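One structure below.
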Amino acid sequence: MAGQAVGADRDDLVLRVGLLSLAMALGYALLCTFILAFGAALIARGFTDDVEVIETAIRLLYVAAAFQLGDACNIIARGVLRGTGDVRYAAVVSVTASWLALPPLTWLLGHHYGLGAIGGWYGICAEIAVASCFLWWRLWGKGWQAAAAKSREDLRREEEKREAAELAQAA
């Protein structure tokens with residue numbers, strides 16, 4: 001829908017589309033969060049009878065529950081930016097946050113501080129939160145508008161080429 005707004009030259013709708021999409025995604029993520037948080041023990045027991053594995057799984061499911069909300073924010077912001085044509089920024093932020101946050105935090109928390117798998121999940125949560133902040137900052141600040149204008153111009157040129165080809169074919 002963000003892409004449609006850009007194509008219709010309605011940049012004023014892009015943030016609204018993003019916020020409405022975010023509200024829907026957060027609603028779903030909240031449902032998933034509650035299921036994971038309040039059903040963690042039931043879910044873990046559905047896979048094993050090993051008490052130690054169940055305890056570890058429950059802790060991991062609690063972190064996964066918290067992850068849902070940040071991931072919803074990240075996915076929506078990245079998708080809206082892509083829809084505006086600001087693909088490069090979204091990709092650079094996502095890849096940079098992944099590489100700068102995830103490996104060091106996973107090692108630091110998981111290995112160095114001995115948190116194991118839960119340390120890795122904390123690292124993923126941090127990476128998602130950082131990326132989400134940068135992506136939403138770009139949306140709010142309208143840094144995507146230059147990419148949107150370029151997308152519209154590219155579409156206009158393609159349309160002109162198509163029309164010229166149709167005229168040439170008709171002649």
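Naming works like this for the structure tokens: A, B, ... for the chains as they're shown, residue 1 at the start of each chain, ligands 1 onward in shown order.
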inquiry  = Could you go through chain A and tell me which residues DSSP, when run on the backbone, assigns to alpha helix (DSSP H), listing them as a PyMOL selection string?
reply    = chain A and resi 2-7+14-38+40-45+51-84+87-105+117-140+145-170
query = Which residues, written as a PyMOL selection string, have at least one atom at most 12 Å from Arg10 (chain A), with only C-alpha atoms counted and residues fewer than 5 positions away on the same chain left out?
reply = chain A and resi 1-5+15-17+84+145+148-149+152
request  = Could you tell me which of A:Ala168, A:Ala77, A:Val95, A:Leu69 comes closest to Tyr28 (chain A) if we count only C-alpha atoms?
outcome  = A:Leu69
Interatomic distance (Å, one decimal) between CA of Ala57 (chain A) and CA of Gly39 (chain A) =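 Spanning CA of Ala57 (chain A) to CA of Gly39 (chain A) is a straight-line distance of 11.4 Å.
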query = Which is closest to Asn74 (chain A) among A:Leu20, A:Ser94, A:Ile43, A:Pro104, if we use only C-alpha atoms?
reply = A:Ser94
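Shell of Ser132 (chain A) at 9 Å, with only C-alpha atoms counted and residues fewer than 4 places along the chain excluded, is Gly70, Asp71, Cys73, Asn74, Ile75, Ala77, Arg78, Val93, Ser94, Glu127, Ile128, Trp136 and Trp137 of chain A.
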Just write the chosen residues, N, CA and C atoms, as a PDB file, in the first residue's frame.
ATOM      1  N   GLY A  70       9.022  -6.295  18.906  1.00  0.00           N
ATOM      2  CA  GLY A  70      10.084  -5.584  18.198  1.00  0.00           C
ATOM      3  C   GLY A  70      10.180  -6.002  16.744  1.00  0.00           C
ATOM      4  N   ASP A  71       9.978  -7.299  16.503  1.00  0.00           N
ATOM      5  CA  ASP A  71      10.058  -7.795  15.140  1.00  0.00           C
ATOM      6  C   ASP A  71       8.917  -7.248  14.292  1.00  0.00           C
ATOM      7  N   CYS A  73       7.512  -4.323  14.607  1.00  0.00           N
ATOM      8  CA  CYS A  73       7.898  -2.938  14.284  1.00  0.00           C
ATOM      9  C   CYS A  73       8.931  -2.915  13.167  1.00  0.00           C
ATOM     10  N   ASN A  74       9.903  -3.814  13.250  1.00  0.00           N
ATOM     11  CA  ASN A  74      10.972  -3.885  12.260  1.00  0.00           C
ATOM     12  C   ASN A  74      10.425  -4.278  10.890  1.00  0.00           C
ATOM     13  N   ILE A  75       9.620  -5.312  10.832  1.00  0.00           N
ATOM     14  CA  ILE A  75       9.103  -5.809   9.558  1.00  0.00           C
ATOM     15  C   ILE A  75       8.246  -4.757   8.860  1.00  0.00           C
ATOM     16  N   ALA A  77       8.255  -1.391   9.269  1.00  0.00           N
ATOM     17  CA  ALA A  77       9.063  -0.246   8.826  1.00  0.00           C
ATOM     18  C   ALA A  77       9.873  -0.601   7.585  1.00  0.00           C
ATOM     19  N   ARG A  78      10.483  -1.780   7.586  1.00  0.00           N
ATOM     20  CA  ARG A  78      11.282  -2.212   6.435  1.00  0.00           C
ATOM     21  C   ARG A  78      10.401  -2.357   5.190  1.00  0.00           C
ATOM     22  N   VAL A  93      20.523  -0.850   6.633  1.00  0.00           N
ATOM     23  CA  VAL A  93      20.252  -0.853   8.073  1.00  0.00           C
ATOM     24  C   VAL A  93      20.096  -2.281   8.583  1.00  0.00           C
ATOM     25  N   SER A  94      19.339  -3.089   7.879  1.00  0.00           N
ATOM     26  CA  SER A  94      19.094  -4.459   8.326  1.00  0.00           C
ATOM     27  C   SER A  94      20.380  -5.279   8.369  1.00  0.00           C
ATOM     28  N   GLU A 127      19.373  -6.463  18.289  1.00  0.00           N
ATOM     29  CA  GLU A 127      19.566  -6.158  16.870  1.00  0.00           C
ATOM     30  C   GLU A 127      18.272  -5.669  16.239  1.00  0.00           C
ATOM     31  N   ILE A 128      17.179  -6.336  16.523  1.00  0.00           N
ATOM     32  CA  ILE A 128      15.875  -5.967  15.969  1.00  0.00           C
ATOM     33  C   ILE A 128      15.460  -4.578  16.481  1.00  0.00           C
ATOM     34  N   TRP A 136      12.299   3.310  11.569  1.00  0.00           N
ATOM     35  CA  TRP A 136      11.183   4.219  11.886  1.00  0.00           C
ATOM     36  C   TRP A 136      11.635   5.673  11.879  1.00  0.00           C
ATOM     37  N   TRP A 137      12.868   5.926  12.273  1.00  0.00           N
ATOM     38  CA  TRP A 137      13.421   7.280  12.207  1.00  0.00           C
ATOM     39  C   TRP A 137      13.394   7.772  10.760  1.00  0.00           C
TER      40      TRP A 137
END
inquiry  = Let me make sure I understand: among A:Ala41, A:Ala97, A:Leu36, A:Val80, which one has the smallest atom-to-atom distance to Cys125 (chain A) if we use only C-alpha atoms?
reply    = A:Ala97
key: Contacts of Leu115 (chain A) within 12 Å, only C-alpha atoms, excl. fewer than 6 positions in-chain, as an NGL selection string   = :A and (56 or 59-60 or 105-109 or 121-123)
As a tab-separated table (two decimals) with C-alpha atoms, in the first residue's frame, please: the residues near Ala40 (chain A) (cut-off 7 Å, only C-alpha atoms, same-chain neighbours under 4 positions excluded).
chain	number	residue	atom	x	y	z
A	36	LEU	CA	4.13	-17.75	24.00
A	44	ALA	CA	7.62	-26.95	26.14
A	58	ILE	CA	10.31	-21.83	28.90
A	61	LEU	CA	9.90	-18.81	24.87
